[in-house]
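K.L.:
So that we are looking at the same thing, I have put the structure below in structure tokens.
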Amino acid sequence: MRATDTLIAQNNEKRAGLTKDNMKMYEDLLLYVRTDLRVDEQAGEEVLMDILDHLLDAQENGRTAEHVLGNHPQEFADELIEQLPSEKKRNVTLFVLSQLAGLLGWFAVTYGVLQLIIGFFTEQPMEISLGSIAMILLTSVVCTIVGVVTLFKIMRSSLFKTKKKARIQYWKAGLLGAALFSAILVVVLYIPQFGPVVSLPWWTFVTTALVLFVIATLLGKRAK
């Protein structure tokens with residue numbers, strides 16, 4: 001197990017010792033740091049563990065998270081992030097590529113399974129237009145990137161807020177997801193067929209998906 005994984009596991013175990021109010025403030029800080037892709041993961045987890053230990057000690061002495069993090073925890077978190085080393089660009093790039101490979105893998109396996117199901121009802125080979133598929137993939141990738149980046153921003157903006165304000169941010173995230181899914185669906189349903197047309201068996205897509213999932217896993221491990 002990596003040192004970072006060990007820290008995360010220890011954090012999960014120790015965090016259970018916090019009171020409800022202290023847990024809320026600390027977990028907001030934890031998510032705020034972890035969702036900042038600029039931060040070196042190992043350094044971030046080490047600092048989060050140090051703060052958790054300090055907070056547990058303070059709690060035993062009757063003090064709250066406000067005494068440790070201050071009355072403006074988001075400002076504290078921003079200052080903390082500025083002092084942490086940045087994640088290597090190589091790791092960020094590998095992480096993004098792993099997510100894209102995973103996305104393409106899910107697209108391929110979905111298409112393959114769909115083709116298999118349709119094959120039970122018709123003997124007509126399922127033809128695909130390469131131009132249309134490329135456009136659908138491009139739309140899916142763009143929407144996914146926009147969705148992930150925006151979702152992280154919405155998630156971070158909901159932290160250190162009251163439940164009412166956080167609920168508004170959750171609604172925004174839900175509407176964003178629905179809008180992006182609708183955009184992909186519109187392209188899938190209404191884009192005209194263009195480009196070369198080929199007919200491939202369903203297992204070709206499933207095999208391609210498995211390869212992409214393996215690539216995504218390997219890239220994800222290399223990014224850590």
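Ordered as shown in the structure tokens, chains take letters A, B, and onward, while each chain numbers its residues from 1 and ligands are numbered from 1 in the order shown.
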From a DSSP calculation on the backbone, collect every residue of range 16-196 of chain A in strand (DSSP E or B) and output the set as a PDB file with C-alpha atoms, in the first residue's frame.
P.N.:
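To be explicit, this is the file written out as part_13.pdb:
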ATOM      1  CA  VAL A  39      -1.926  20.244  -4.524  1.00  0.00           C
ATOM      2  CA  SER A  86       2.157  21.665  -6.364  1.00  0.00           C
ATOM      3  CA  GLU A 127     -23.361  -0.286 -39.195  1.00  0.00           C
ATOM      4  CA  ILE A 128     -21.673   2.732 -37.688  1.00  0.00           C
ATOM      5  CA  SER A 129     -20.612   5.974 -39.276  1.00  0.00           C
TER       6      SER A 129
END
K.L.:
Determine, counting only C-alpha atoms, which protein, DNA and RNA residues have an atom within 7 Å of an atom of range 22-36 of chain A; residues of the same chain fewer than 3 positions away are not included. Present the result as an mmCIF file with C-alpha atoms, in the first residue's frame.
P.N.:
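Final output, saved to out_22.cif:
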data_model
loop_
_atom_site.group_PDB
_atom_site.id
_atom_site.type_symbol
_atom_site.label_atom_id
_atom_site.label_comp_id
_atom_site.auth_asym_id
_atom_site.auth_seq_id
_atom_site.Cartn_x
_atom_site.Cartn_y
_atom_site.Cartn_z
ATOM 1 C CA LEU A 18 -14.446 13.888 16.142
ATOM 2 C CA THR A 19 -17.654 15.401 17.435
ATOM 3 C CA VAL A 39 -1.926 20.244 -4.524
ATOM 4 C CA GLY A 44 -1.829 17.356 1.251
ATOM 5 C CA LEU A 48 -4.522 16.964 6.780
ATOM 6 C CA THR A 64 -13.622 23.214 19.096
ATOM 7 C CA ALA A 65 -12.580 23.284 15.453
ATOM 8 C CA ALA A 77 -7.660 26.546 3.791
ATOM 9 C CA ILE A 81 -3.016 25.348 -0.049
ATOM 10 C CA PHE A 152 -15.409 20.598 -8.576
ATOM 11 C CA ARG A 156 -15.773 23.600 -3.354
ATOM 12 C CA LEU A 159 -17.995 23.910 1.606
ATOM 13 C CA PHE A 160 -17.826 25.992 4.794
#
K.L.:
From the set A:Ala43, A:Val142, A:Leu69, A:Ile215, which residue has the shortest atom-to-atom contact distance to Leu7 in chain A, counting only C-alpha atoms?
P.N.:
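Under the stated criterion, the closest residue is A:Ala43.
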K.L.:
Please provide the set of residues having any atom within 12 Å of Thr204 in chain A, restricted to only C-alpha atoms, with same-chain residues fewer than 2 positions apart removed, written as a PyMOL selection string.
P.N.:
chain A and resi 105+108-113+115-116+199-202+206-211
K.L.:
Name the closest residue to Phe205 in chain A among the candidates A:Ile51, A:Pro85, A:Leu114, A:Ala58; distances are taken between atoms, counting only C-alpha atoms.
P.N.:
A:Leu114
K.L.:
Which distance in Å separates CA of Gln193 in chain A and CA of Leu175 in chain A, to one decimal?
P.N.:
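According to the coordinates, CA of Gln193 in chain A and CA of Leu175 in chain A are separated by 29.6 Å.
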K.L.:
Running DSSP on the backbone, which parts of range 70-155 of chain A land in alpha helix (DSSP H), as a VMD selection string?
P.N.:
chain A and resid 73 to 83 89 to 119 130 to 155
K.L.:
Find the residues around Asp57 in chain A up to 12 Å (only C-alpha atoms counted), leave out those fewer than 4 positions away in its own chain, and share them as a list in words.
P.N.:
Lys14, Gly17, Leu18, Asp50, Ile51, Leu52, Asp53, Asn61, Gly62, Arg63, Thr64, Ala65, His67 and Val68 of chain A
K.L.:
How would the residues just picked look written out with C-alpha atoms as a CSV table (one decimal), in the first residue's frame?
P.N.:
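Output file part.csv follows:
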chain,number,residue,atom,x,y,z
A,14,LYS,CA,-9.1,8.7,13.3
A,17,GLY,CA,-13.3,10.3,16.9
A,18,LEU,CA,-14.4,13.9,16.1
A,50,ASP,CA,-1.4,16.8,11.2
A,51,ILE,CA,-4.4,19.1,11.5
A,52,LEU,CA,-6.6,16.1,12.5
A,53,ASP,CA,-4.2,15.1,15.3
A,61,ASN,CA,-9.1,19.8,26.1
A,62,GLY,CA,-12.6,21.1,25.4
A,63,ARG,CA,-11.8,23.2,22.4
A,64,THR,CA,-13.6,23.2,19.1
A,65,ALA,CA,-12.6,23.3,15.5
A,67,HIS,CA,-10.2,27.4,18.0
A,68,VAL,CA,-8.0,25.4,15.6
K.L.:
Take CA of Arg222 in chain A and CA of Asp40 in chain A and report the distance between them in Å, one decimal.
P.N.:
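So the answer is 14.1 Å.
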K.L.:
At a cut-off of 12 Å, using only C-alpha atoms, what residues contact Ile191 in chain A? Leave out same-chain residues fewer than 2 positions from it and give the result as a PyMOL selection string.
P.N.:
chain A and resi 129+131-136+139+183-189+193-194
K.L.:
Determine the nearest neighbour of Leu138 in chain A from the options A:Leu80, A:Leu103, A:Leu176, A:Gln74, counting only C-alpha atoms.
P.N.:
A:Leu103
